[in-house]
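Participant: For reference, this is final_35.cif, and it has mmCIF, C-alpha atoms.
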data_input
#
loop_
_atom_site.label_atom_id
_atom_site.label_comp_id
_atom_site.auth_asym_id
_atom_site.auth_seq_id
_atom_site.Cartn_x
_atom_site.Cartn_y
_atom_site.Cartn_z
CA MET A 1 70.01 184.76 31.66
CA ASP A 2 69.42 181.81 29.35
CA ASP A 3 71.07 178.42 29.63
CA ASN A 4 73.72 179.39 27.07
CA THR A 5 74.87 182.41 29.08
CA ALA A 6 77.63 181.78 31.58
CA PRO A 7 76.51 182.41 35.18
CA ASP A 8 78.34 185.15 37.06
CA ARG A 9 79.30 185.66 40.70
CA ASP A 10 77.07 188.69 41.26
CA GLY A 11 74.00 186.93 39.88
CA PHE A 12 74.74 183.85 41.97
CA LEU A 13 75.17 185.91 45.13
CA ASN A 14 71.87 187.70 44.46
CA TRP A 15 70.17 184.31 44.08
CA VAL A 16 71.70 183.05 47.36
CA ARG A 17 70.56 186.18 49.22
CA GLY A 18 67.13 186.20 47.57
CA PRO A 19 65.32 183.03 46.47
CA LEU A 20 67.58 180.59 48.36
CA TYR A 21 67.29 182.57 51.60
CA GLN A 22 63.50 182.83 51.21
CA ALA A 23 63.23 179.08 50.60
CA GLU A 24 65.17 178.30 53.79
CA LEU A 25 63.02 180.74 55.76
CA ALA A 26 59.87 179.05 54.41
CA LEU A 27 61.23 175.61 55.37
CA HIS A 28 61.78 176.77 58.95
CA ASN A 29 58.15 177.91 58.99
CA GLY A 30 56.98 174.45 57.89
CA ASP A 31 56.80 174.88 54.09
CA ALA A 32 59.33 172.66 52.30
CA GLY A 33 57.93 173.44 48.82
CA PRO A 34 60.16 176.44 48.04
CA ARG A 35 63.29 174.55 49.12
CA ARG A 36 62.41 171.52 46.98
CA ALA A 37 61.72 173.79 44.00
CA LEU A 38 65.33 175.03 44.15
CA TRP A 39 66.82 171.54 44.22
CA SER A 40 67.97 169.74 41.12
CA ARG A 41 65.77 167.10 39.53
CA ARG A 42 68.90 165.57 37.98
CA GLU A 43 71.05 162.95 39.64
CA PRO A 44 73.15 162.94 41.65
CA VAL A 45 71.57 164.82 44.57
CA SER A 46 72.48 164.27 48.20
CA VAL A 47 72.21 165.60 51.74
CA LEU A 48 74.56 164.82 54.58
CA GLY A 49 72.34 166.48 57.14
CA ALA A 50 72.70 167.60 60.69
CA TRP A 51 69.87 165.22 61.65
CA ARG A 52 69.46 162.89 58.69
CA ASP A 53 71.08 161.95 55.37
CA ALA A 54 69.42 161.37 51.99
CA HIS A 55 70.37 160.71 48.39
CA GLY A 56 68.45 160.42 45.16
CA GLN A 57 65.21 162.16 44.25
CA ALA A 58 62.92 159.98 46.40
CA GLY A 59 65.20 160.34 49.41
CA ILE A 60 65.38 164.11 49.01
CA ASP A 61 61.59 164.36 48.64
CA GLU A 62 61.04 162.34 51.82
CA LEU A 63 63.66 164.27 53.79
CA PHE A 64 62.27 167.67 52.86
CA ALA A 65 58.69 166.59 53.61
CA THR A 66 59.82 165.37 57.04
CA LEU A 67 61.70 168.61 57.72
CA GLY A 68 58.70 170.69 56.63
CA ASP A 69 56.50 168.72 59.04
CA SER A 70 59.06 169.18 61.85
CA PHE A 71 59.68 172.93 61.65
CA SER A 72 57.34 175.78 62.60
CA ASP A 73 57.24 179.26 64.09
CA CYS A 74 60.59 180.51 62.81
CA ALA A 75 61.58 183.46 64.99
CA ALA A 76 64.92 184.06 63.27
CA TYR A 77 66.97 182.71 60.38
CA ASP A 78 70.27 184.19 59.25
CA PHE A 79 72.79 182.81 56.79
CA ASP A 80 76.29 184.10 57.54
CA LEU A 81 78.06 183.45 54.22
CA GLN A 82 81.73 182.64 54.86
CA ALA A 83 82.90 181.80 51.34
CA PHE A 84 81.51 181.14 47.87
CA ASP A 85 82.64 180.81 44.29
CA VAL A 86 81.27 180.21 40.83
CA VAL A 87 83.35 178.12 38.44
CA GLY A 88 81.69 177.64 35.08
CA ARG A 89 78.29 176.08 35.70
CA MET A 90 79.07 174.97 39.26
CA ALA A 91 79.13 176.97 42.47
CA TYR A 92 79.42 176.46 46.20
CA THR A 93 78.63 178.25 49.45
CA VAL A 94 80.04 177.75 52.93
CA GLY A 95 78.48 179.48 55.90
CA LEU A 96 76.77 179.42 59.24
CA GLU A 97 73.00 179.13 59.53
CA HIS A 98 71.69 180.67 62.75
CA THR A 99 68.12 179.52 63.40
CA ALA A 100 65.50 179.96 66.10
CA ALA A 101 62.39 177.90 65.31
CA SER A 102 60.20 175.22 66.80
CA VAL A 103 61.29 171.66 66.01
CA ASN A 104 58.53 169.14 66.62
CA GLY A 105 56.69 171.79 68.61
CA LYS A 106 59.59 172.69 70.90
CA PRO A 107 61.42 176.04 70.53
CA ARG A 108 65.10 175.63 69.65
CA ALA A 109 67.97 177.87 68.72
CA TYR A 110 70.98 176.40 66.96
CA THR A 111 73.74 177.07 64.46
CA LEU A 112 74.63 174.78 61.56
CA ARG A 113 77.79 174.79 59.50
CA ALA A 114 76.45 174.40 55.98
CA THR A 115 78.19 173.69 52.69
CA GLN A 116 76.16 173.48 49.51
CA ILE A 117 77.03 172.71 45.90
CA TYR A 118 75.00 174.11 43.01
CA ARG A 119 74.63 173.39 39.30
CA TRP A 120 73.46 175.74 36.58
CA GLU A 121 70.50 173.89 35.01
CA ASP A 122 67.79 175.00 32.62
CA GLY A 123 68.73 178.67 32.97
CA GLY A 124 68.94 178.81 36.78
CA TRP A 125 70.81 177.65 39.85
CA LYS A 126 69.81 174.37 41.48
CA VAL A 127 71.15 172.81 44.68
CA ALA A 128 72.78 169.41 44.11
CA HIS A 129 74.35 168.68 47.50
CA ARG A 130 74.14 169.91 51.08
CA HIS A 131 76.25 169.08 54.09
CA GLY A 132 75.21 170.49 57.45
CA ASP A 133 76.34 169.82 60.96
CA GLU A 134 75.32 171.42 64.21
CA ILE A 135 77.84 173.48 66.11
CA ALA A 136 77.78 172.49 69.76
CA GLY A 137 77.15 175.23 72.28
CA PRO A 138 80.02 176.72 74.23
CA PRO A 139 81.70 174.33 76.64
CA THR A 140 80.50 174.65 80.20
CA GLU A 141 82.92 175.68 82.90
CA PRO A 142 83.53 173.09 85.60
CA GLY A 143 81.53 174.02 88.69
#
Let me see the structure of the file written as structure tokens.
Facilitator:
Amino acid sequence: MDDNTAPDRDGFLNWVRGPLYQAELALHNGDAGPRRALWSRREPVSVLGAWRDAHGQAGIDELFATLGDSFSDCAAYDFDLQAFDVVGRMAYTVGLEHTAASVNGKPRAYTLRATQIYRWEDGGWKVAHRHGDEIAGPPTEPG
């Protein structure tokens, strides 16, 4: 699909389940390069992250490098897509990210609520914004 062809829902969903999923898996194994490659190089870009926020190209570069250095040994990553849409050259996803990986050398399992916004740029989808927050574990029963 060239830049003059309107993006479609099926193509977007295939991209989310393919390259985007693979980039997130790589990040959780310590390689931030594939994730950064899928992010827009046009402003504005922003992250309201579960652990840290960033905006602008330099901020995004630093954040992703830090995350890549923090993650390793991904045992499981699943993106449970709750909703998505494509409207013209913009799209969004909302879902739950279930992850088991080491964070700073310590094994962790957690779930993030994640919303992302995408732009169609230069013939492909690029991430422009991410918001993620950690879902707390189940409440403990009083003893």
Participant: Applied to the shown file, which residues does the PyMOL selection byres ((chain A and resi 44-46) around 6) return, written as number ranges by chain?
Facilitator: A: 43, 47, 54-56, 128-129
Participant: Give me the residues within 10 Å of region 57-63 of chain A as a PDB file with C-alpha atoms, in the frame of the given file, counting only C-alpha atoms and dropping any in the same chain fewer than 3 places off.
Facilitator:
ATOM      1  CA  ALA A  32      59.330 172.660  52.300  1.00  0.00           C
ATOM      2  CA  GLY A  33      57.930 173.440  48.820  1.00  0.00           C
ATOM      3  CA  ARG A  36      62.410 171.520  46.980  1.00  0.00           C
ATOM      4  CA  TRP A  39      66.820 171.540  44.220  1.00  0.00           C
ATOM      5  CA  SER A  40      67.970 169.740  41.120  1.00  0.00           C
ATOM      6  CA  ARG A  41      65.770 167.100  39.530  1.00  0.00           C
ATOM      7  CA  ARG A  42      68.900 165.570  37.980  1.00  0.00           C
ATOM      8  CA  GLU A  43      71.050 162.950  39.640  1.00  0.00           C
ATOM      9  CA  PRO A  44      73.150 162.940  41.650  1.00  0.00           C
ATOM     10  CA  VAL A  45      71.570 164.820  44.570  1.00  0.00           C
ATOM     11  CA  SER A  46      72.480 164.270  48.200  1.00  0.00           C
ATOM     12  CA  VAL A  47      72.210 165.600  51.740  1.00  0.00           C
ATOM     13  CA  GLY A  49      72.340 166.480  57.140  1.00  0.00           C
ATOM     14  CA  ARG A  52      69.460 162.890  58.690  1.00  0.00           C
ATOM     15  CA  ASP A  53      71.080 161.950  55.370  1.00  0.00           C
ATOM     16  CA  ALA A  54      69.420 161.370  51.990  1.00  0.00           C
ATOM     17  CA  THR A  66      59.820 165.370  57.040  1.00  0.00           C
ATOM     18  CA  LEU A  67      61.700 168.610  57.720  1.00  0.00           C
ATOM     19  CA  GLY A  68      58.700 170.690  56.630  1.00  0.00           C
ATOM     20  CA  ASP A  69      56.500 168.720  59.040  1.00  0.00           C
TER      21      ASP A  69
END
Participant: Compare A:Ala23, A:Ala75, A:Ala50, A:Leu112 by their minimum atom-to-atom distance to His98 (chain A), counting all atoms listed in the file, and give me the closest one.
Facilitator: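 Closest candidate: A:Leu112.
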Participant: How far is it from CA of Gly105 (chain A) to CA of Cys74 (chain A), in Å with one decimal?
Facilitator: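 Going from CA of Gly105 (chain A) over to CA of Cys74 (chain A), I get 11.2 Å.
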Participant: Point out the residue among A:Phe64, A:Phe12, A:Tyr110, A:Trp51 with the least atom-to-atom distance to Arg35 (chain A), counting all atoms listed in the file.
Facilitator: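 With all atoms listed in the file as the atom set, the closest residue is A:Phe64.
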Participant: If you measure from CA of Gly132 (chain A) to CA of Pro7 (chain A), what distance in Å do you get, rounded to one decimal?
Facilitator: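 The value is 25.3 Å.
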Participant: Pick out the residues sitting within 10 Å of Thr93 (chain A), and hand them over as a ChimeraX atom specification; count only C-alpha atoms, and ignore anything fewer than 6 positions along from it in its own chain.
Facilitator: /A:13,16,81-86,114-118,130
Participant: Between CA of Pro107 (chain A) and CA of Leu38 (chain A), what distance in Å does the model show, to one decimal?
Facilitator: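 Separating CA of Pro107 (chain A) from CA of Leu38 (chain A) is a distance of 26.7 Å.
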Participant: Determine the residue membership of the PyMOL selection byres ((chain A and resi 109) around 12) for the file above and supply it as a list in words.
Facilitator: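 So the PyMOL selection byres ((chain A and resi 109) around 12), applied here, picks out His28, Phe71, Asp73, Cys74, Ala75, Ala76, Tyr77, Asp78, Glu97, His98, Thr99, Ala100, Ala101, Ser102, Val103, Lys106, Pro107, Arg108, Tyr110, Thr111, Leu112, Glu134, Ile135, Ala136 and Gly137 of chain A.
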Participant: Calculated over all atoms listed in the file, which of the candidates A:Ser72, A:Arg9, A:Asn104, A:Gly88 has the smallest distance to Leu25 (chain A)?
Facilitator: A:Ser72
